[in-house]
file final.txt (compact mmCIF, C-alpha atoms)
# COMPACT_ATOMS: atom_id res chain seq x y z
CA MET B 1 21.54 -8.91 -19.16
CA SER B 2 18.46 -7.12 -20.53
CA PHE B 3 16.23 -5.21 -18.09
CA PHE B 4 13.19 -7.35 -18.96
CA LYS B 5 15.19 -10.47 -18.16
CA LYS B 6 16.25 -9.00 -14.80
CA LEU B 7 12.64 -8.31 -13.89
CA LYS B 8 11.60 -11.81 -14.93
CA GLU B 9 14.33 -13.44 -12.84
CA LYS B 10 13.52 -11.27 -9.83
CA PHE B 11 9.77 -11.76 -9.78
CA ILE B 12 9.18 -15.08 -11.55
CA ILE B 13 12.13 -17.45 -11.55
CA GLU B 14 13.56 -16.86 -8.05
CA PRO B 15 10.16 -16.70 -6.26
CA GLU B 16 9.21 -20.06 -7.83
CA LYS B 17 12.31 -21.67 -6.30
CA GLU B 18 11.48 -20.16 -2.90
CA GLU B 19 7.88 -21.37 -3.13
CA GLU B 20 9.01 -24.94 -3.85
CA LYS B 21 11.29 -24.83 -0.82
CA HIS B 22 8.52 -23.46 1.43
CA GLU B 23 6.01 -26.05 0.24
CA GLY B 24 8.46 -28.81 1.13
CA ASP B 25 8.99 -27.28 4.56
CA PHE B 26 5.25 -27.07 5.09
CA GLU B 27 4.63 -30.71 4.17
CA SER B 28 7.23 -32.00 6.61
CA SER B 29 6.16 -29.65 9.38
CA SER B 30 2.49 -30.57 8.99
CA GLU B 31 3.36 -34.30 9.32
CA ASP B 32 5.31 -33.60 12.52
CA LYS B 33 2.46 -31.50 13.82
CA GLN B 34 -0.03 -34.31 13.19
CA LEU B 35 2.09 -36.79 15.16
CA GLU B 36 2.40 -34.32 18.04
CA GLU B 37 -1.35 -33.76 18.10
CA GLU B 38 -2.04 -37.53 18.22
CA ALA B 39 0.35 -37.89 21.16
CA GLU B 40 -1.30 -35.00 22.99
CA LEU B 41 -4.74 -36.54 22.49
CA GLN B 42 -3.57 -39.81 24.06
CA ASP B 43 -1.99 -38.02 27.05
CA SER B 44 -5.06 -35.87 27.71
CA ALA B 45 -7.79 -38.48 27.26
CA GLN B 46 -8.83 -38.07 30.89
CA LEU B 47 -9.55 -34.40 30.32
CA GLU B 48 -12.28 -35.14 27.77
CA GLY B 49 -15.06 -32.60 27.84
CA GLU B 50 -12.90 -29.64 28.75
CA THR B 51 -12.36 -26.98 26.12
CA GLU B 52 -9.82 -24.25 25.57
CA ALA B 53 -10.35 -21.01 23.70
CA VAL B 54 -7.89 -20.69 20.82
CA ASN B 55 -7.05 -17.54 18.87
CA GLU B 56 -10.00 -15.61 20.24
CA PRO B 57 -9.70 -11.89 19.56
CA GLU B 58 -9.29 -9.64 22.54
CA GLU B 59 -12.50 -8.17 23.81
CA VAL B 60 -13.00 -4.68 22.43
CA GLN B 61 -12.80 -2.27 25.35
CA GLU B 62 -14.36 1.13 25.12
CA VAL B 63 -12.37 3.70 27.06
CA GLU B 64 -14.35 6.48 28.70
CA HIS B 65 -13.68 10.03 27.60
CA HIS B 66 -10.48 11.28 29.22
CA GLU B 67 -10.76 14.40 31.36
CA SER B 68 -8.00 16.63 30.04
CA THR B 69 -7.18 20.21 29.20
CA ILE B 70 -7.40 19.55 25.46
CA GLU B 71 -9.69 22.13 23.94
CA GLU B 72 -12.60 21.01 21.77
CA PRO B 73 -12.00 22.00 18.13
CA ALA B 74 -14.67 23.97 16.35
CA ARG B 75 -17.04 21.59 14.58
CA GLU B 76 -18.05 22.10 11.02
CA SER B 77 -21.59 21.94 9.73
CA VAL B 78 -23.18 18.59 8.94
CA ASP B 79 -22.98 19.33 5.23
CA GLU B 80 -19.23 19.86 5.42
CA GLN B 81 -18.81 16.60 7.30
CA ALA B 82 -20.96 14.63 4.89
CA GLY B 83 -19.38 11.64 3.28
CA ASP B 84 -19.97 8.04 2.38
CA PRO B 85 -20.49 5.99 5.57
CA PHE B 86 -18.03 3.46 4.19
CA ASP B 87 -14.83 4.32 2.33
CA GLU B 88 -14.97 0.97 0.49
CA ALA B 89 -17.30 -2.02 0.58
CA TYR B 90 -16.45 -4.64 3.18
CA ASP B 91 -14.54 -7.62 1.85
CA ASN B 92 -16.94 -10.55 2.18
CA SER B 93 -14.23 -13.06 1.26
CA TYR B 94 -12.27 -12.28 4.44
CA ASP B 95 -10.86 -15.28 6.32
CA ALA B 96 -10.03 -15.04 10.00
CA PRO B 97 -6.27 -15.00 10.74
CA GLY B 98 -4.86 -18.48 11.22
CA GLU B 99 -7.86 -20.20 9.67
CA ASN B 100 -5.69 -21.93 7.09
CA ASP B 101 -1.97 -21.75 7.78
CA LYS B 102 -1.06 -23.41 4.47
CA ASP B 103 -2.38 -20.32 2.69
CA THR B 104 0.79 -18.53 3.78
CA PHE B 105 2.69 -20.70 1.30
CA GLN B 106 0.07 -20.47 -1.42
CA GLU B 107 -0.52 -16.72 -1.48
CA GLU B 108 -0.16 -14.96 -4.79
CA SER B 109 3.37 -13.84 -5.56
CA ILE B 110 4.22 -10.14 -5.60
CA ALA B 111 4.55 -10.38 -9.38
CA SER B 112 1.09 -11.82 -9.91
CA LYS B 113 -0.48 -9.31 -7.53
CA PHE B 114 1.03 -6.34 -9.34
CA LYS B 115 0.26 -7.88 -12.72
CA LYS B 116 -3.39 -8.41 -11.79
CA GLY B 117 -3.72 -5.10 -9.93
CA LEU B 118 -2.27 -3.05 -12.79
CA ALA B 119 -4.32 -4.75 -15.50
CA LYS B 120 -6.29 -1.60 -16.40
CA THR B 121 -3.21 0.62 -16.54
CA ARG B 122 -1.22 -2.03 -18.42
CA ASN B 123 -3.93 -2.64 -21.01
CA SER B 124 -4.15 1.08 -21.75
CA PHE B 125 -0.42 1.79 -21.51
CA THR B 126 0.82 -1.30 -23.36
CA THR B 127 -1.69 -0.85 -26.17
CA LYS B 128 -0.59 2.73 -26.73
CA ILE B 129 3.12 1.82 -26.61
CA ASN B 130 2.62 -1.04 -29.06
CA ASP B 131 0.61 1.17 -31.41
CA LEU B 132 3.33 3.80 -31.24
CA VAL B 133 6.08 1.27 -31.99
CA ALA B 134 4.06 -0.16 -34.88
CA ARG B 135 3.62 3.27 -36.50
CA TYR B 136 7.27 4.32 -36.24
CA ARG B 137 10.07 2.22 -37.68
CA THR B 138 12.81 4.57 -36.50
CA VAL B 139 13.36 6.45 -33.25
CA ASP B 140 13.04 10.13 -34.16
CA GLU B 141 11.76 13.41 -32.68
CA GLU B 142 8.14 12.70 -33.60
CA PHE B 143 8.35 9.30 -31.88
CA PHE B 144 9.45 10.94 -28.62
CA GLU B 145 6.73 13.59 -28.87
CA GLU B 146 4.03 10.94 -29.11
CA LEU B 147 5.64 8.88 -26.36
CA GLU B 148 5.49 11.99 -24.20
CA GLU B 149 1.72 12.17 -24.76
CA VAL B 150 1.31 8.49 -23.87
CA LEU B 151 3.15 8.94 -20.56
CA ILE B 152 1.22 12.09 -19.66
CA SER B 153 -2.08 10.31 -20.39
CA ALA B 154 -1.03 7.65 -17.84
CA ASP B 155 -0.75 10.46 -15.23
CA VAL B 156 3.00 10.14 -14.84
CA GLY B 157 3.04 13.94 -14.53
CA VAL B 158 4.26 16.63 -16.90
CA ASN B 159 7.47 17.44 -15.03
CA ALA B 160 8.33 13.77 -14.57
CA VAL B 161 7.64 13.02 -18.24
CA MET B 162 9.80 15.88 -19.48
CA GLU B 163 12.67 14.67 -17.30
CA MET B 164 12.23 11.09 -18.43
CA ILE B 165 12.00 11.90 -22.17
CA GLU B 166 15.22 13.89 -21.94
CA GLU B 167 17.06 10.98 -20.28
CA LEU B 168 15.48 8.53 -22.70
CA GLU B 169 16.73 10.46 -25.72
CA MET B 170 20.25 10.51 -24.28
CA GLU B 171 20.15 6.77 -23.53
CA VAL B 172 18.89 5.92 -27.03
CA LYS B 173 21.74 7.90 -28.56
CA ARG B 174 24.29 6.33 -26.21
CA ARG B 175 23.18 2.79 -27.11
CA ASN B 176 22.74 3.73 -30.76
CA ILE B 177 19.20 2.35 -30.83
CA LYS B 178 17.49 2.75 -34.19
CA ASP B 179 14.63 0.22 -34.01
CA THR B 180 11.59 1.48 -32.03
CA SER B 181 10.86 -2.03 -30.69
CA GLN B 182 14.11 -1.88 -28.70
CA VAL B 183 12.93 1.26 -26.89
CA LYS B 184 10.39 -0.67 -24.79
CA GLU B 185 13.00 -2.01 -22.39
CA VAL B 186 14.69 1.37 -22.08
CA ILE B 187 11.32 2.95 -21.18
CA SER B 188 10.75 0.37 -18.42
CA GLU B 189 14.26 0.91 -17.07
CA LYS B 190 13.85 4.69 -17.01
CA LEU B 191 10.50 4.42 -15.19
CA VAL B 192 12.23 2.59 -12.34
CA GLU B 193 15.04 5.15 -12.30
CA LEU B 194 12.45 7.93 -12.29
CA TYR B 195 11.06 6.59 -9.02
CA TYR B 196 14.29 5.67 -7.23
CA GLY B 197 16.43 8.49 -8.60
CA GLU B 198 20.13 7.77 -8.39
CA GLU B 199 19.51 4.55 -6.43
CA THR B 200 19.37 2.44 -9.59
CA GLU B 201 18.93 -0.85 -7.76
CA GLY B 202 16.16 0.58 -5.57
CA THR B 203 14.86 -0.93 -2.35
CA THR B 204 11.33 -1.13 -1.00
CA GLU B 205 10.65 1.31 1.82
CA GLU B 206 9.06 -0.59 4.68
CA LEU B 207 6.98 1.09 7.37
CA SER B 208 9.14 2.42 10.20
CA LEU B 209 9.03 0.60 13.54
CA ASN B 210 9.94 1.85 17.00
CA PRO B 211 12.62 -0.52 18.39
CA ASP B 212 12.12 0.83 21.92
CA GLY B 213 8.40 0.39 22.46
CA LEU B 214 5.07 1.41 20.99
CA THR B 215 4.97 2.22 17.26
CA ILE B 216 2.35 4.77 16.23
CA TYR B 217 1.00 5.24 12.70
CA LEU B 218 -1.15 8.30 12.01
CA PHE B 219 -3.43 8.01 8.98
CA VAL B 220 -4.67 11.15 7.20
CA GLY B 221 -6.64 11.81 4.02
CA VAL B 222 -9.99 13.04 2.73
CA ASN B 223 -13.24 11.09 2.90
CA GLY B 224 -13.88 8.34 0.40
CA VAL B 225 -10.27 7.40 -0.41
CA GLY B 226 -10.34 4.08 1.50
CA LYS B 227 -8.57 5.28 4.65
CA THR B 228 -10.49 3.27 7.24
CA THR B 229 -10.49 0.15 5.07
CA THR B 230 -6.71 0.44 4.63
CA ILE B 231 -6.27 0.69 8.40
CA GLY B 232 -8.30 -2.49 8.81
CA LYS B 233 -6.22 -4.33 6.21
CA LEU B 234 -2.95 -3.17 7.77
CA ALA B 235 -4.17 -4.21 11.22
CA HIS B 236 -4.94 -7.67 9.86
CA GLN B 237 -1.48 -7.97 8.29
CA LEU B 238 0.33 -6.81 11.43
CA LYS B 239 -1.73 -9.18 13.58
CA SER B 240 -0.89 -12.03 11.18
CA ASP B 241 2.80 -11.12 11.60
CA GLY B 242 2.48 -11.62 15.35
CA LYS B 243 2.13 -7.97 16.33
CA LYS B 244 -0.26 -6.84 19.05
CA VAL B 245 -2.30 -4.02 17.52
CA THR B 246 -4.63 -1.32 18.88
CA LEU B 247 -6.79 0.99 16.75
CA ALA B 248 -7.91 4.50 17.75
CA ALA B 249 -11.12 5.76 16.10
CA GLY B 250 -10.08 9.39 15.76
CA ASP B 251 -12.51 10.15 12.93
CA THR B 252 -15.34 11.28 15.19
CA PHE B 253 -17.04 13.52 12.63
CA ARG B 254 -17.98 11.27 9.70
CA ALA B 255 -21.20 9.35 10.09
CA GLY B 256 -20.44 5.64 10.44
CA ALA B 257 -16.64 6.00 10.66
CA ILE B 258 -16.43 4.76 14.25
CA ASP B 259 -18.68 1.76 13.56
CA GLN B 260 -16.73 0.92 10.42
CA LEU B 261 -13.38 0.89 12.24
CA ASP B 262 -14.95 -1.08 15.10
CA GLU B 263 -16.14 -3.71 12.62
CA TRP B 264 -12.66 -3.97 11.08
CA GLY B 265 -11.24 -4.36 14.60
CA LYS B 266 -13.56 -7.29 15.30
CA ARG B 267 -12.67 -8.97 12.01
CA ALA B 268 -8.94 -8.55 12.55
CA GLY B 269 -9.18 -9.49 16.24
CA VAL B 270 -7.62 -6.26 17.54
CA ASN B 271 -8.58 -3.78 20.26
CA VAL B 272 -10.43 -0.58 19.20
CA ILE B 273 -10.53 2.59 21.32
CA LYS B 274 -13.55 4.77 20.54
CA HIS B 275 -15.60 7.64 21.93
CA SER B 276 -19.02 8.88 20.92
CA GLU B 277 -19.57 10.70 17.63
CA GLY B 278 -18.49 14.34 17.81
CA SER B 279 -15.91 13.79 20.57
CA ASP B 280 -12.53 15.50 20.58
CA PRO B 281 -10.28 13.44 18.25
CA ALA B 282 -7.17 14.36 20.25
CA ALA B 283 -8.77 12.90 23.40
CA VAL B 284 -9.54 9.66 21.55
CA ILE B 285 -5.94 9.38 20.38
CA TYR B 286 -4.72 10.12 23.93
CA ASP B 287 -6.85 7.31 25.35
CA GLY B 288 -5.69 5.06 22.51
CA ILE B 289 -2.07 5.64 23.51
CA GLN B 290 -2.78 4.93 27.20
CA SER B 291 -4.68 1.73 26.33
CA ALA B 292 -1.96 0.57 23.93
CA LYS B 293 0.68 1.13 26.61
CA SER B 294 -1.30 -0.67 29.32
CA LYS B 295 -1.96 -3.65 27.04
CA GLU B 296 1.66 -3.63 25.83
CA SER B 297 0.60 -3.30 22.19
CA ASP B 298 3.31 -3.22 19.55
CA VAL B 299 1.47 -0.89 17.18
CA LEU B 300 -1.20 1.81 17.56
CA ILE B 301 -2.93 2.87 14.33
CA CYS B 302 -4.79 6.19 14.53
CA ASP B 303 -7.66 7.10 12.20
CA THR B 304 -8.45 10.79 11.69
CA ALA B 305 -11.21 12.90 10.18
CA GLY B 306 -11.18 13.31 6.42
CA ARG B 307 -13.02 16.50 5.65
CA LEU B 308 -12.07 18.59 2.63
CA GLN B 309 -8.33 19.21 2.53
CA ASN B 310 -8.66 23.00 2.30
CA LYS B 311 -10.50 23.34 5.62
CA VAL B 312 -8.44 25.21 8.19
CA ASN B 313 -10.19 23.50 11.12
CA LEU B 314 -9.17 20.07 9.87
CA MET B 315 -5.51 21.03 9.57
CA ASN B 316 -5.54 22.60 13.05
CA GLU B 317 -7.15 19.44 14.40
CA LEU B 318 -4.49 17.23 12.81
CA SER B 319 -1.74 19.43 14.23
CA LYS B 320 -3.23 19.10 17.72
CA VAL B 321 -3.50 15.31 17.40
CA LYS B 322 0.12 15.14 16.36
CA ARG B 323 1.20 17.27 19.34
CA VAL B 324 -0.61 14.91 21.73
CA ILE B 325 1.14 11.90 20.17
CA GLU B 326 4.56 13.59 20.34
CA ARG B 327 4.00 14.50 23.99
CA GLU B 328 2.97 11.00 25.08
CA VAL B 329 5.46 9.01 22.97
CA PRO B 330 8.66 10.92 22.14
CA GLY B 331 9.65 10.43 18.50
CA ALA B 332 6.13 9.46 17.45
CA PRO B 333 4.24 9.30 15.17
CA HIS B 334 6.66 6.97 13.44
CA GLU B 335 4.74 7.29 10.19
CA VAL B 336 2.25 9.91 8.99
CA LEU B 337 0.58 8.07 6.13
CA LEU B 338 -1.47 10.00 3.59
CA VAL B 339 -4.09 7.83 1.90
CA LEU B 340 -4.88 8.78 -1.71
CA ASP B 341 -7.31 7.34 -4.23
CA ALA B 342 -5.40 6.40 -7.40
CA THR B 343 -8.54 6.79 -9.51
CA THR B 344 -8.62 10.56 -8.84
CA GLY B 345 -5.39 11.17 -10.80
CA GLN B 346 -4.02 14.67 -10.53
CA ASN B 347 -6.53 15.53 -7.79
CA ALA B 348 -4.58 13.10 -5.62
CA MET B 349 -1.47 15.16 -6.34
CA SER B 350 -3.27 18.29 -5.12
CA GLN B 351 -4.27 16.54 -1.89
CA ALA B 352 -0.72 15.28 -1.39
CA LYS B 353 0.68 18.81 -1.68
CA THR B 354 -1.82 20.25 0.81
CA PHE B 355 -1.47 17.53 3.44
CA SER B 356 2.32 17.37 3.17
CA GLU B 357 2.49 21.08 3.96
CA ALA B 358 0.24 20.69 7.01
CA THR B 359 1.25 17.37 8.58
CA ASP B 360 4.79 16.36 7.52
CA VAL B 361 3.64 13.31 5.58
CA SER B 362 6.26 10.53 5.66
CA GLY B 363 4.64 8.14 3.21
CA ILE B 364 1.80 7.65 0.73
CA VAL B 365 -0.75 4.85 0.70
CA LEU B 366 -2.27 4.63 -2.78
CA THR B 367 -5.59 2.80 -2.81
CA LYS B 368 -7.67 1.44 -5.70
CA LEU B 369 -4.66 1.14 -8.00
CA ASP B 370 -6.46 -1.78 -9.60
CA GLY B 371 -9.37 0.47 -10.53
CA THR B 372 -7.55 3.02 -12.68
CA ALA B 373 -5.92 3.14 -16.11
CA LYS B 374 -3.68 5.98 -14.88
CA GLY B 375 -1.40 4.23 -12.42
CA GLY B 376 1.46 6.53 -13.40
CA ILE B 377 0.35 8.87 -10.58
CA VAL B 378 2.69 6.78 -8.35
CA LEU B 379 5.70 8.12 -10.25
CA ALA B 380 4.35 11.67 -10.40
CA ILE B 381 3.92 11.90 -6.62
CA ARG B 382 7.38 10.52 -5.93
CA ASN B 383 9.04 12.72 -8.53
CA GLU B 384 7.38 16.03 -7.60
CA LEU B 385 6.95 15.71 -3.83
CA GLN B 386 9.81 13.34 -2.97
CA ILE B 387 7.43 11.40 -0.71
CA PRO B 388 7.78 7.61 -0.98
CA VAL B 389 4.78 5.44 -1.77
CA LYS B 390 4.84 2.91 1.08
CA LEU B 391 1.71 0.85 0.45
CA VAL B 392 -0.61 0.24 -2.50
CA GLY B 393 -4.07 -1.28 -2.71
CA LEU B 394 -4.22 -3.82 -5.53
CA GLY B 395 -7.69 -5.27 -4.94
CA GLU B 396 -10.59 -5.64 -2.52
CA LYS B 397 -9.32 -8.65 -0.55
CA VAL B 398 -7.91 -8.09 2.92
CA THR B 399 -4.55 -9.42 1.64
CA ASP B 400 -4.42 -7.02 -1.33
CA LEU B 401 -2.49 -4.30 0.52
CA GLU B 402 1.15 -4.49 -0.61
CA THR B 403 4.44 -2.77 0.18
CA PHE B 404 5.25 -0.70 -2.90
CA ASP B 405 8.16 -1.81 -5.07
CA ALA B 406 8.89 0.24 -8.20
CA ASN B 407 10.45 -2.80 -9.92
CA ALA B 408 7.31 -4.85 -9.26
CA PHE B 409 5.21 -1.89 -10.43
CA VAL B 410 7.10 -1.70 -13.72
CA TYR B 411 6.90 -5.47 -14.07
CA GLY B 412 3.11 -5.15 -13.71
CA LEU B 413 3.09 -2.51 -16.45
CA PHE B 414 5.25 -4.48 -18.89
CA ALA B 415 4.33 -8.08 -18.00
CA ASP B 416 2.70 -8.70 -21.39
CA MET B 417 5.72 -7.32 -23.26
CA ILE B 418 8.10 -9.43 -21.15
CA GLU B 419 6.12 -12.58 -21.90
CA GLU B 420 5.91 -11.61 -25.58
CA GLN B 421 9.68 -11.14 -25.76
CA GLU B 422 10.25 -14.51 -24.08
CA THR B 423 7.97 -16.22 -26.63
CA GLU B 424 9.82 -14.60 -29.54
CA GLN B 425 13.19 -15.72 -28.16
CA GLU B 426 11.95 -19.32 -27.74
CA GLU B 427 10.82 -19.36 -31.36
CA LEU B 428 14.23 -18.27 -32.65

call {"tool": "encode", "arguments": {"input": "final.txt", "output": "structure tokens"}}
result
Amino acid sequence: MSFFKKLKEKFIIEPEKEEEKHEGDFESSSEDKQLEEEAELQDSAQLEGETEAVNEPEEVQEVEHHESTIEEPARESVDEQAGDPFDEAYDNSYDAPGENDKDTFQEESIASKFKKGLAKTRNSFTTKINDLVARYRTVDEEFFEELEEVLISADVGVNAVMEMIEELEMEVKRRNIKDTSQVKEVISEKLVELYYGEETEGTTEELSLNPDGLTIYLFVGVNGVGKTTTIGKLAHQLKSDGKKVTLAAGDTFRAGAIDQLDEWGKRAGVNVIKHSEGSDPAAVIYDGIQSAKSKESDVLICDTAGRLQNKVNLMNELSKVKRVIEREVPGAPHEVLLVLDATTGQNAMSQAKTFSEATDVSGIVLTKLDGTAKGGIVLAIRNELQIPVKLVGLGEKVTDLETFDANAFVYGLFADMIEEQETEQEEL
């Protein structure tokens, strides 16, 4: 079976069957629910006038500053702390969790989300690949040299491209491919292999969870990459999955960061622990842990300051925060997630290298993937740093934060070619 056909079956054909099954389940369950509600109304007629609060978010509780022996880190000047008050614009189309349960069966498929989110990269990448194939009738050395330039221009990374071109040449020889149009599928296949390495099938890497109690996620990254917004989106998703979530506003240096996280907490209906601006971030995280434990939260998500990545004070501060977490919850943090802006290209790679050296980053969150024509940075980061991309931002909606899947990513890149191939086969 061709690789394009495998992708199509995985992300189009099979999901459609599942969706039909879910829709049928929903219709029957909604009828049963309606009958139950009518019966309840008849039984409780005498209680008319009484009301019950349903799905109200927990009241946000501000924890007072904890008296501890944690030393206050040296603060930087206002200029060094300066940054946009909001990482990304608020999503005005947000719907409160549970507002329309049927939406769970009508959400966009993973395939359509990646296809839509990678439109800019695909339009640039596909156009260049098609132009290249049109200009070369045979697969020769010059063809591979130009393909190399196309991949580098998509920010796949020089080292990754060199490795891929070498494997591609070997595969073309092994399959005895002469026609350049047949190389498209091999390119898509090798891109997936480039990400997963020897694991040819590849599996998505979900966020780690603590089976024995509180799970703690520590978010790091520079200002303006969408860190706080990503935390809000993740909190919404976890809450929708039935998790009890607490947020800790550990970015006490950036103007507006605390208010922004507080607003996301209200919208997602989760508890937010905050101190005043300029407080010790480690003390905020400590109080966040104590509050999460007392409220029996499943997940604590910690925001942190995002000053320039080459500042020594910032790295010392992050190290101290991590020590506090490790002391209070052995084995935590369960994920140290570095948030990067996909639109910054190779600058994101530089940030990834610096933060991974300072904080033992376990996963990457790549935001604004829908806003760049150089989505290949996903593959470059994985190839050079061996850090998995765990989440990607594919749009501005609160539901546009997705678990990364290299197969879905490649499908998003080659969706037009896959549809074109299907059309050609139907015409034969």

call {"tool": "atom_distance", "arguments": {"input": "final.txt", "atom1": "CA of Lys368 (chain B)", "atom2": "CA of Ala408 (chain B)"}}
result
16.6 Å

call {"tool": "closest_residue", "arguments": {"input": "final.txt", "among": "B:Val245, B:Leu209, B:Phe11, B:Ala348", "to": "Phe114 (chain B)", "atoms": "all atoms listed in the file"}}
result
B:Phe11

call {"tool": "atom_distance", "arguments": {"input": "final.txt", "atom1": "CA of Glu419 (chain B)", "atom2": "CA of Val192 (chain B)"}}
result
18.9 Å

call {"tool": "closest_residue", "arguments": {"input": "final.txt", "among": "B:Thr180, B:Thr304, B:Thr204, B:Ser291", "to": "Thr252 (chain B)", "atoms": "all atoms listed in the file"}}
result
B:Thr304

call {"tool": "atom_distance", "arguments": {"input": "final.txt", "atom1": "CA of Gly278 (chain B)", "atom2": "CA of Gly265 (chain B)"}}
result
20.3 Å

call {"tool": "closest_residue", "arguments": {"input": "final.txt", "among": "B:Asp405, B:Asp259, B:Asp370, B:Glu166", "to": "Tyr196 (chain B)", "atoms": "all atoms listed in the file"}}
result
B:Asp405

call {"tool": "closest_residue", "arguments": {"input": "final.txt", "among": "B:Ile110, B:Val133, B:Ala342, B:Val392", "to": "Lys10 (chain B)", "atoms": "only C-alpha atoms"}}
result
B:Ile110

call {"tool": "closest_residue", "arguments": {"input": "final.txt", "among": "B:Leu247, B:Ala332, B:Val150, B:Ile231", "to": "Leu214 (chain B)", "atoms": "all atoms listed in the file"}}
result
B:Ala332

call {"tool": "residues_around", "arguments": {"input": "final.txt", "residues": "Asp262 (chain B)", "least_positions_apart": "5", "cutoff": "12 Å", "atoms": "all atoms listed in the file", "output": "short mmCIF file (atom, residue, chain, number, x, y, z; two decimals) with C-alpha atoms, in the coordinates of the input"}}
result
data_model
loop_
_atom_site.label_atom_id
_atom_site.label_comp_id
_atom_site.auth_asym_id
_atom_site.auth_seq_id
_atom_site.Cartn_x
_atom_site.Cartn_y
_atom_site.Cartn_z
CA GLU B 59 -12.50 -8.17 23.81
CA VAL B 60 -13.00 -4.68 22.43
CA GLN B 61 -12.80 -2.27 25.35
CA GLU B 62 -14.36 1.13 25.12
CA THR B 228 -10.49 3.27 7.24
CA THR B 229 -10.49 0.15 5.07
CA ILE B 231 -6.27 0.69 8.40
CA GLY B 232 -8.30 -2.49 8.81
CA ALA B 235 -4.17 -4.21 11.22
CA THR B 246 -4.63 -1.32 18.88
CA LEU B 247 -6.79 0.99 16.75
CA ALA B 248 -7.91 4.50 17.75
CA ALA B 249 -11.12 5.76 16.10
CA GLY B 250 -10.08 9.39 15.76
CA ASP B 251 -12.51 10.15 12.93
CA GLY B 256 -20.44 5.64 10.44
CA ALA B 257 -16.64 6.00 10.66
CA ARG B 267 -12.67 -8.97 12.01
CA ALA B 268 -8.94 -8.55 12.55
CA GLY B 269 -9.18 -9.49 16.24
CA VAL B 270 -7.62 -6.26 17.54
CA ASN B 271 -8.58 -3.78 20.26
CA VAL B 272 -10.43 -0.58 19.20
CA ILE B 273 -10.53 2.59 21.32
CA LYS B 274 -13.55 4.77 20.54
CA HIS B 275 -15.60 7.64 21.93
CA ASP B 303 -7.66 7.10 12.20
#

call {"tool": "residues_near_point", "arguments": {"input": "final.txt", "point": "(0.2, 23.9, 5.7)", "cutoff": "10 Å", "atoms": "all atoms listed in the file", "output": "PDB file with C-alpha atoms, in the coordinates of the input"}}
result
ATOM      1  CA  ASN B 310      -8.660  23.000   2.300  1.00  0.00           C
ATOM      2  CA  VAL B 312      -8.440  25.210   8.190  1.00  0.00           C
ATOM      3  CA  MET B 315      -5.510  21.030   9.570  1.00  0.00           C
ATOM      4  CA  ASN B 316      -5.540  22.600  13.050  1.00  0.00           C
ATOM      5  CA  SER B 319      -1.740  19.430  14.230  1.00  0.00           C
ATOM      6  CA  LYS B 353       0.680  18.810  -1.680  1.00  0.00           C
ATOM      7  CA  THR B 354      -1.820  20.250   0.810  1.00  0.00           C
ATOM      8  CA  PHE B 355      -1.470  17.530   3.440  1.00  0.00           C
ATOM      9  CA  SER B 356       2.320  17.370   3.170  1.00  0.00           C
ATOM     10  CA  GLU B 357       2.490  21.080   3.960  1.00  0.00           C
ATOM     11  CA  ALA B 358       0.240  20.690   7.010  1.00  0.00           C
ATOM     12  CA  THR B 359       1.250  17.370   8.580  1.00  0.00           C
ATOM     13  CA  ASP B 360       4.790  16.360   7.520  1.00  0.00           C
TER      14      ASP B 360
END

call {"tool": "residues_around", "arguments": {"input": "final.txt", "residues": "Glu326 (chain B)", "least_positions_apart": "4", "cutoff": "12 Å", "atoms": "all atoms listed in the file", "output": "ChimeraX atom specification"}}
result
/B:215-218,282,285-286,289,319-322,330-335

call {"tool": "closest_residue", "arguments": {"input": "final.txt", "among": "B:Ala373, B:Leu401, B:Met164, B:Val158", "to": "Ser124 (chain B)", "atoms": "all atoms listed in the file"}}
result
B:Ala373

call {"tool": "residues_around", "arguments": {"input": "final.txt", "residues": "region 384-391 of chain B", "least_positions_apart": "2", "cutoff": "10 Å", "atoms": "all atoms listed in the file", "output": "ChimeraX atom specification"}}
result
/B:157-160,195-197,204-207,230,234,337-339,349,352-353,356,360-367,378-382,393-394,401-406
